[in-house]
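Below is the file target_18.cif, which contains mmCIF, C-alpha atoms.
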data_run
#
loop_
_atom_site.label_atom_id
_atom_site.label_comp_id
_atom_site.auth_asym_id
_atom_site.auth_seq_id
_atom_site.Cartn_x
_atom_site.Cartn_y
_atom_site.Cartn_z
CA MET A 1 0.00 0.00 0.00
CA SER A 2 1.08 3.57 -0.47
CA TRP A 3 2.01 5.73 2.48
CA ALA A 4 2.52 9.50 2.25
CA ALA A 5 1.54 9.71 -1.43
CA HIS A 6 -2.13 9.73 -0.43
CA GLU A 7 -1.70 12.94 1.58
CA LEU A 8 0.58 14.67 -0.91
CA GLU A 9 -1.04 14.10 -4.30
CA ASN A 10 -4.23 15.98 -3.32
CA PHE A 11 -2.29 19.26 -3.37
CA TYR A 12 -1.12 18.78 -6.94
CA PHE A 13 -4.62 17.97 -8.19
CA LEU A 14 -6.05 20.87 -6.20
CA LYS A 15 -3.86 23.19 -8.28
CA HIS A 16 -5.77 22.13 -11.39
CA LEU A 17 -9.24 21.74 -9.88
CA GLY A 18 -9.35 24.97 -7.84
CA GLN A 19 -12.82 25.89 -6.59
CA ARG A 20 -14.48 22.97 -8.36
CA VAL A 21 -13.57 20.75 -5.40
CA SER A 22 -13.54 20.98 -1.62
CA TYR A 23 -10.05 20.26 -0.29
CA LEU A 24 -11.58 18.77 2.87
CA GLY A 25 -13.70 16.54 0.63
CA MET A 26 -10.53 15.38 -1.17
CA LEU A 27 -8.97 14.65 2.21
CA VAL A 28 -11.96 12.59 3.35
CA GLY A 29 -11.87 10.73 0.04
CA ALA A 30 -8.14 10.07 0.32
CA LEU A 31 -8.40 8.72 3.89
CA ALA A 32 -11.64 6.76 3.50
CA PRO A 33 -10.55 3.63 1.52
CA ASP A 34 -8.29 2.34 4.32
CA PHE A 35 -10.36 3.59 7.22
CA LEU A 36 -12.09 0.29 8.03
CA THR A 37 -9.35 -2.08 6.96
CA LYS A 38 -5.82 -0.93 7.70
CA LEU A 39 -5.80 -1.62 11.45
CA TYR A 40 -6.92 -5.25 11.04
CA ALA A 41 -4.62 -5.79 8.05
CA TYR A 42 -1.61 -4.66 10.11
CA GLY A 43 -2.84 -6.34 13.27
CA PHE A 44 -3.25 -4.97 16.78
CA SER A 45 -3.03 -6.24 20.36
CA VAL A 46 -5.57 -5.85 23.14
CA GLY A 47 -5.04 -7.35 26.61
CA GLY A 48 -2.32 -9.70 25.41
CA SER A 49 -4.34 -11.00 22.44
CA HIS A 50 -3.25 -10.25 18.90
CA PHE A 51 -5.80 -9.67 16.17
CA GLN A 52 -4.85 -9.72 12.50
CA ALA A 53 -6.37 -10.94 9.26
CA ASP A 54 -5.13 -14.45 8.30
CA ASN A 55 -4.37 -13.12 4.84
CA PRO A 56 -3.95 -9.31 5.14
CA ALA A 57 -3.79 -8.80 1.36
CA GLN A 58 -7.02 -10.70 0.80
CA PHE A 59 -8.83 -8.99 3.68
CA HIS A 60 -7.64 -5.53 2.63
CA ARG A 61 -7.79 -5.78 -1.14
CA GLY A 62 -9.66 -8.91 -2.14
CA TRP A 63 -12.90 -10.86 -2.06
CA PRO A 64 -13.96 -12.54 0.18
CA GLY A 65 -12.75 -9.54 2.17
CA MET A 66 -13.02 -5.78 2.14
CA GLY A 67 -11.32 -5.27 -1.22
CA PHE A 68 -14.39 -3.57 -2.66
CA THR A 69 -13.65 -0.56 -0.41
CA THR A 70 -10.68 0.19 -2.66
CA SER A 71 -12.65 0.53 -5.89
CA LEU A 72 -13.83 3.41 -8.07
CA MET A 73 -17.46 2.45 -7.40
CA ALA A 74 -16.98 2.67 -3.61
CA GLY A 75 -15.67 6.21 -4.15
CA PHE A 76 -18.72 7.07 -6.20
CA ILE A 77 -21.06 5.64 -3.54
CA LEU A 78 -19.34 7.58 -0.72
CA ALA A 79 -19.28 10.79 -2.78
CA GLY A 80 -22.99 10.33 -3.56
CA PHE A 81 -23.77 9.84 0.13
CA ILE A 82 -21.79 12.97 1.04
CA TYR A 83 -23.62 14.87 -1.73
CA LEU A 84 -26.97 13.97 -0.17
CA ILE A 85 -26.07 14.77 3.44
CA SER A 86 -24.32 18.02 2.45
CA LYS A 87 -27.52 19.36 0.84
CA ARG A 88 -26.14 18.75 -2.66
CA ASN A 89 -22.79 20.47 -2.32
CA LYS A 90 -21.02 19.78 -5.64
CA ALA A 91 -17.59 20.83 -4.36
CA TRP A 92 -17.80 18.15 -1.66
CA PHE A 93 -19.11 15.55 -4.11
CA PHE A 94 -16.25 16.11 -6.57
CA GLY A 95 -13.72 16.51 -3.76
CA VAL A 96 -14.55 13.14 -2.18
CA LEU A 97 -14.75 11.47 -5.60
CA VAL A 98 -11.37 12.79 -6.78
CA GLY A 99 -9.61 12.09 -3.45
CA TYR A 100 -10.98 8.53 -3.34
CA TRP A 101 -10.21 7.74 -6.97
CA ILE A 102 -6.64 9.03 -6.71
CA HIS A 103 -6.15 6.76 -3.68
CA VAL A 104 -7.50 3.74 -5.56
CA ILE A 105 -5.33 4.39 -8.62
CA THR A 106 -2.24 4.96 -6.45
CA ASP A 107 -2.80 1.68 -4.55
CA SER A 108 -2.86 -0.25 -7.83
CA THR A 109 0.92 0.30 -7.91
CA ASP A 110 1.67 -2.37 -5.26
CA SER A 111 1.80 -6.12 -5.77
CA ALA A 112 -1.66 -6.84 -4.29
CA GLY A 113 -3.42 -4.28 -6.48
CA VAL A 114 -7.02 -3.17 -6.06
CA MET A 115 -10.49 -4.29 -7.13
CA MET A 116 -10.60 -1.11 -9.17
CA LEU A 117 -13.58 -1.95 -11.39
CA TRP A 118 -15.76 -3.72 -8.78
CA PRO A 119 -18.60 -4.76 -9.21
CA PHE A 120 -18.14 -5.08 -13.00
CA TYR A 121 -14.77 -6.84 -12.85
CA ASN A 122 -13.72 -8.46 -9.57
CA GLU A 123 -10.09 -9.34 -10.30
CA ASN A 124 -7.38 -7.15 -8.79
CA ILE A 125 -5.59 -4.70 -11.05
CA SER A 126 -1.92 -4.18 -10.21
CA ILE A 127 1.25 -2.96 -11.84
CA GLY A 128 3.37 -4.36 -8.97
CA VAL A 129 5.94 -1.59 -8.60
CA TRP A 130 6.62 -2.57 -4.98
CA ALA A 131 5.64 -5.41 -2.67
CA TYR A 132 2.47 -5.24 -0.60
CA GLY A 133 3.85 -5.56 2.93
CA ALA A 134 0.94 -5.25 5.38
CA GLY A 135 1.52 -8.85 6.47
CA GLU A 136 4.80 -7.70 8.05
CA GLY A 137 2.89 -5.52 10.54
CA LYS A 138 3.06 -1.73 10.51
CA LEU A 139 6.74 -1.36 11.37
CA GLY A 140 7.69 -4.15 8.96
CA ASP A 141 5.65 -2.51 6.22
CA ALA A 142 7.31 0.85 6.98
CA ILE A 143 10.73 -0.73 6.50
CA ALA A 144 9.63 -2.56 3.33
CA TYR A 145 7.89 0.44 1.77
CA TYR A 146 10.63 2.96 2.54
CA SER A 147 13.27 0.58 1.17
CA SER A 148 11.46 0.11 -2.13
CA LEU A 149 10.28 2.24 -5.04
CA GLY A 150 7.45 3.32 -2.73
CA PHE A 151 9.97 5.65 -1.09
CA VAL A 152 10.80 7.06 -4.52
CA MET A 153 7.12 7.72 -5.17
CA ASP A 154 6.60 9.55 -1.86
CA VAL A 155 9.68 11.71 -2.45
CA ALA A 156 8.52 12.35 -6.03
CA TRP A 157 5.17 13.64 -4.76
CA VAL A 158 6.90 15.98 -2.28
CA VAL A 159 9.06 17.33 -5.13
CA ILE A 160 6.13 17.59 -7.57
CA VAL A 161 4.08 19.64 -5.09
CA VAL A 162 7.02 21.85 -4.05
CA VAL A 163 8.20 22.48 -7.64
CA PHE A 164 4.95 22.54 -9.64
CA ALA A 165 2.23 23.39 -7.14
CA TRP A 166 3.92 25.42 -4.39
CA ARG A 167 1.46 28.31 -4.74
CA VAL A 168 -1.29 25.94 -3.59
CA LEU A 169 0.38 25.94 -0.16
CA SER A 170 0.31 29.73 0.18
CA SER A 171 -2.04 31.56 2.52
CA GLU A 172 -3.32 33.55 -0.46
CA TYR A 173 -4.38 30.41 -2.33
CA PHE A 174 -6.08 29.15 0.82
CA ARG A 175 -7.97 32.43 1.33
CA THR A 176 -8.97 33.02 -2.28
CA VAL A 177 -9.54 29.52 -3.67
CA VAL A 178 -9.74 26.79 -1.03
CA ARG A 179 -11.76 28.50 1.67
CA PRO A 180 -14.43 30.11 -0.53
CA ALA A 181 -15.20 26.70 -2.06
CA ASP A 182 -16.14 25.18 1.27
CA PRO A 183 -18.28 26.62 4.12
CA VAL A 184 -16.81 24.05 6.52
CA TRP A 185 -13.71 26.21 6.97
CA GLY A 186 -15.83 29.05 8.37
CA TRP A 187 -17.66 26.58 10.61
CA LEU A 188 -14.33 25.21 11.93
CA GLU A 189 -13.05 28.72 12.61
CA ARG A 190 -16.15 29.65 14.58
CA LYS A 191 -16.65 26.40 16.50
CA LEU A 192 -13.01 25.92 17.49
CA ALA A 193 -12.17 29.63 17.75
CA MET A 194 -9.15 28.99 15.55
CA PRO A 195 -6.95 31.92 14.60
CA ASP A 196 -6.13 32.33 10.87
CA ARG A 197 -2.66 30.82 11.21
CA ALA A 198 -4.05 27.67 12.88
CA LEU A 199 -6.72 27.27 10.19
CA LEU A 200 -4.05 27.69 7.52
CA ALA A 201 -1.89 25.14 9.35
CA PHE A 202 -4.81 22.70 9.27
CA TYR A 203 -5.05 23.16 5.49
CA ARG A 204 -1.30 22.54 5.10
CA ALA A 205 -1.20 19.85 7.79
CA PHE A 206 -1.36 16.78 5.55
CA PHE A 207 1.39 18.11 3.31
CA PHE A 208 3.52 18.73 6.41
CA TYR A 209 2.66 15.30 7.80
CA GLY A 210 3.27 13.50 4.49
CA ALA A 211 6.63 15.15 3.84
CA CYS A 212 7.89 14.78 7.42
CA ARG A 213 6.85 11.18 7.84
CA THR A 214 8.55 10.23 4.59
CA ILE A 215 11.81 11.63 5.98
CA SER A 216 11.30 10.23 9.47
CA TRP A 217 10.37 6.67 8.39
CA ALA A 218 13.20 6.55 5.84
CA ILE A 219 15.80 7.66 8.42
CA TRP A 220 14.40 5.23 10.99
CA ALA A 221 14.36 2.29 8.56
CA HIS A 222 17.86 2.78 7.17
CA LEU A 223 19.96 4.60 9.78
CA ILE A 224 18.42 3.16 12.94
CA GLU A 225 17.12 -0.27 11.87
CA GLY A 226 19.84 -0.74 9.25
CA ALA A 227 17.48 -2.01 6.55
CA PRO A 228 19.01 -2.40 3.07
CA TRP A 229 17.64 -0.60 0.02
CA ASP A 230 15.95 -2.58 -2.74
CA LEU A 231 14.83 -0.25 -5.49
CA SER A 232 14.19 -3.08 -7.94
CA TRP A 233 10.77 -3.46 -9.59
CA GLY A 234 8.50 -5.36 -7.17
CA GLY A 235 10.92 -5.09 -4.25
CA PRO A 236 11.91 -5.34 -1.53
CA HIS A 237 13.00 -8.94 -1.92
CA TRP A 238 12.48 -9.95 1.72
CA VAL A 239 8.70 -9.42 1.66
CA ALA A 240 6.92 -12.71 0.95
CA PRO A 241 5.73 -12.71 -2.67
CA PHE A 242 2.09 -11.89 -3.12
CA GLU A 243 -0.06 -14.97 -3.67
CA PRO A 244 -3.51 -14.53 -5.15
CA TRP A 245 -6.31 -16.01 -3.06
CA MET B 1 -20.98 21.83 4.46
CA ALA B 2 -24.33 22.97 3.16
CA GLY B 3 -24.80 25.14 0.13
CA GLU B 4 -22.81 26.22 -2.87
CA PRO B 5 -19.36 27.76 -2.76
CA ASN B 6 -19.58 31.19 -1.18
CA SER B 7 -16.96 33.70 -2.18
CA THR B 8 -18.00 36.08 0.60
CA GLN B 9 -16.47 33.76 3.18
CA SER B 10 -12.92 34.21 1.97
CA GLY B 11 -11.95 36.23 5.03
CA SER B 12 -9.48 38.19 2.92
CA ALA B 13 -9.31 41.37 0.89
CA ILE B 14 -7.46 39.45 -1.83
CA GLU B 15 -9.85 38.41 -4.59
CA PRO B 16 -9.22 35.76 -7.21
CA GLY B 17 -8.70 36.78 -10.82
CA ARG B 18 -11.25 36.12 -13.56
CA SER B 19 -10.06 32.53 -13.88
CA GLY B 20 -11.02 31.90 -10.24
CA LYS B 21 -7.35 31.67 -9.35
CA PRO B 22 -5.35 34.34 -7.51
CA PRO B 23 -2.89 36.38 -9.59
CA LYS B 24 0.60 34.86 -9.60
CA LYS B 25 3.00 36.41 -7.12
CA PRO B 26 6.63 35.58 -6.40
CA PHE B 27 7.56 33.19 -3.60
CA ARG B 28 8.82 35.89 -1.21
CA LYS B 29 5.44 37.67 -1.33
CA LEU B 30 3.48 34.50 -0.63
CA PHE B 31 5.56 33.07 2.21
CA SER B 32 7.02 35.21 5.00
CA ARG B 33 10.38 34.40 6.53
CA ASP B 34 8.82 34.05 9.98
CA GLU B 35 6.26 31.58 8.65
CA LEU B 36 8.94 29.45 6.98
CA TRP B 37 10.99 29.42 10.19
CA HIS B 38 8.03 28.24 12.25
CA TYR B 39 7.19 25.43 9.82
CA GLY B 40 10.85 24.49 9.42
CA ILE B 41 11.49 24.20 13.15
CA ALA B 42 8.20 22.33 13.61
CA ALA B 43 9.28 19.89 10.87
CA VAL B 44 12.64 19.21 12.54
CA VAL B 45 10.98 18.66 15.94
CA TYR B 46 8.31 16.37 14.44
CA ILE B 47 10.87 14.31 12.51
CA ILE B 48 12.96 13.83 15.67
CA LEU B 49 9.88 12.86 17.70
CA GLY B 50 8.98 10.47 14.88
CA LEU B 51 12.38 8.81 15.12
CA LEU B 52 11.98 8.40 18.87
CA PHE B 53 8.38 7.22 19.07
CA GLN B 54 7.56 5.98 15.51
CA GLU B 55 3.95 4.71 15.45
CA ALA B 56 2.81 6.87 18.39
CA VAL B 57 3.79 10.06 16.55
CA LEU B 58 3.89 9.19 12.85
CA ASN B 59 0.17 8.66 12.38
CA PHE B 60 -2.59 10.61 10.67
CA VAL B 61 -4.04 11.94 13.92
CA VAL B 62 -0.95 13.12 15.80
CA GLY B 63 0.90 14.37 12.69
CA PRO B 64 -1.63 16.93 11.46
CA LEU B 65 -2.63 17.84 15.03
CA PHE B 66 1.02 18.54 15.88
CA ILE B 67 1.45 21.23 13.23
CA VAL B 68 -1.96 22.80 13.91
CA LEU B 69 -1.24 23.12 17.63
CA TRP B 70 2.32 24.26 16.97
CA MET B 71 1.15 27.08 14.68
CA TRP B 72 -1.67 27.92 17.07
CA TRP B 73 0.48 28.25 20.20
CA VAL B 74 4.14 28.73 19.31
CA PRO B 75 4.10 31.98 17.22
CA PRO B 76 2.36 34.00 19.99
CA LEU B 77 4.88 32.67 22.54
CA VAL B 78 7.76 33.69 20.28
CA ASP B 79 6.21 37.14 19.77
CA LYS B 80 5.86 37.59 23.55
CA TRP B 81 9.45 36.52 24.08
CA ARG B 82 10.65 38.95 21.42
CA ALA B 83 8.61 41.79 22.93
CA ARG B 84 10.05 41.08 26.38
CA ARG B 85 13.60 41.11 25.00
CA SER B 86 13.13 44.41 23.22
#

Is it possible to give me this structure as structure tokens?
Amino acid sequence: MSWAAHELENFYFLKHLGQRVSYLGMLVGALAPDFLTKLYAYGFSVGGSHFQADNPAQFHRGWPGMGFTTSLMAGFILAGFIYLISKRNKAWFFGVLVGYWIHVITDSTDSAGVMMLWPFYNENISIGVWAYGAGEGKLGDAIAYYSSLGFVMDVAWVVIVVVFAWRVLSSEYFRTVVRPADPVWGWLERKLAMPDRALLAFYRAFFFYGACRTISWAIWAHLIEGAPWDLSWGGPHWVAPFEPW
Amino acid sequence: MAGEPNSTQSGSAIEPGRSGKPPKKPFRKLFSRDELWHYGIAAVVYIILGLLFQEAVLNFVVGPLFIVLWMWWVPPLVDKWRARRS
């Protein structure tokens, strides 16, 4: 699965979509596909008991499993639901749709792939650039992902945003394009009594988080844990090869 | 989130151009030095905390919350400190 790319790519697409989309809608769309699945795919412990899917790839991306949550149709259904509960706000509809679809397309780059065309075509679509490593647990997946071409993709998205879409991160762009497209910003400011700089920080927060965690995980994996690099296609080599269910 | 986009809620005197996008300005007019310093120092602190605590810090709740709270609380503290010094 992809890591920081999901947070970063929204900013590049926002540059081209402007007021046609709600940034917060894009964010919801980008976070939604993994919301119900990631924790159980990685596994977690409660009171000494460990819970994890027997086959994390199948649970997360396949059927039987929750694979349909990473499909273009699931994005359309969620965007439609948001459209109805937001009193037909088109910016939120398109925001959620775009954010979700970008996530789905990005996740097709790992070895497990996604049920992109569910329910019309239920096989996973994958180009297998790096190995799907959720079965290694979260820390194991961090090491695998940030040793593979996944690291290159995250860094590429930081560079693409900073070089080609840096104006999107400015306070002026936020005040003149992002905020007017979405009444939720005004609601947040009033309800939380947020000063302008905190509201702006919230808008930039997922760029900050994506860029910083790419650096932090990469340093941790290679300088502290001593993991080797494997930038070969489909790497890293130590992750068990993906086996279709 | 109700309603259509409302340009009266921009909270700024700066208006977008006819294309719906703001006029292009150079980097130094869009980002102040103070602002870059605050984000830069916050980034260094967050990366170091991430190295120390990994999962507890490098997650989608703590990460965004960290920079929001930093930018909410730290700049006024720095301003107060500067005022006291001068």

Contacts of segment 128-143 of chain A within 8 Å, all atoms listed in the file, excl. fewer than 5 positions in-chain, as a PyMOL selection string: (chain A and resi 1+41-43+55-57+108-113+148-150+217-218+221-222+227+233-236+239+241-242) or (chain B and resi 55)

Atom CA of Ala56 of chain B to atom CA of Leu39 of chain A, straight-line distance in Å: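 According to the coordinates, atom CA of Leu39 of chain A and atom CA of Ala56 of chain B are separated by 13.9 Å.
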
Contact set, chain A to chain B: 6 Å, all atoms listed in the file, as a list in words: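 Contact residues on the first chain: Ser86, Lys87, Asn89, Ser170, Arg175, Thr176, Arg179, Pro180, Ala181, Asp182, Pro183, Val184, Ala198, Ala201, Phe202, Ala205, Phe206, Tyr209, Cys212, Ser216 and Trp220 of chain A.
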
Selected residue, from A:Leu17, A:Thr106, A:Pro33, A:Lys38, that lies nearest to Asp154 of chain A when counting only C-alpha atoms: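 Between A:Leu17, A:Thr106, A:Pro33, A:Lys38, the residue approaching Asp154 of chain A most closely is A:Thr106.
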
Pairwise distance for atom CA of Ala5 of chain A and atom CA of Ile215 of chain A, rounded to one decimal in Å: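 So the answer is 12.8 Å.
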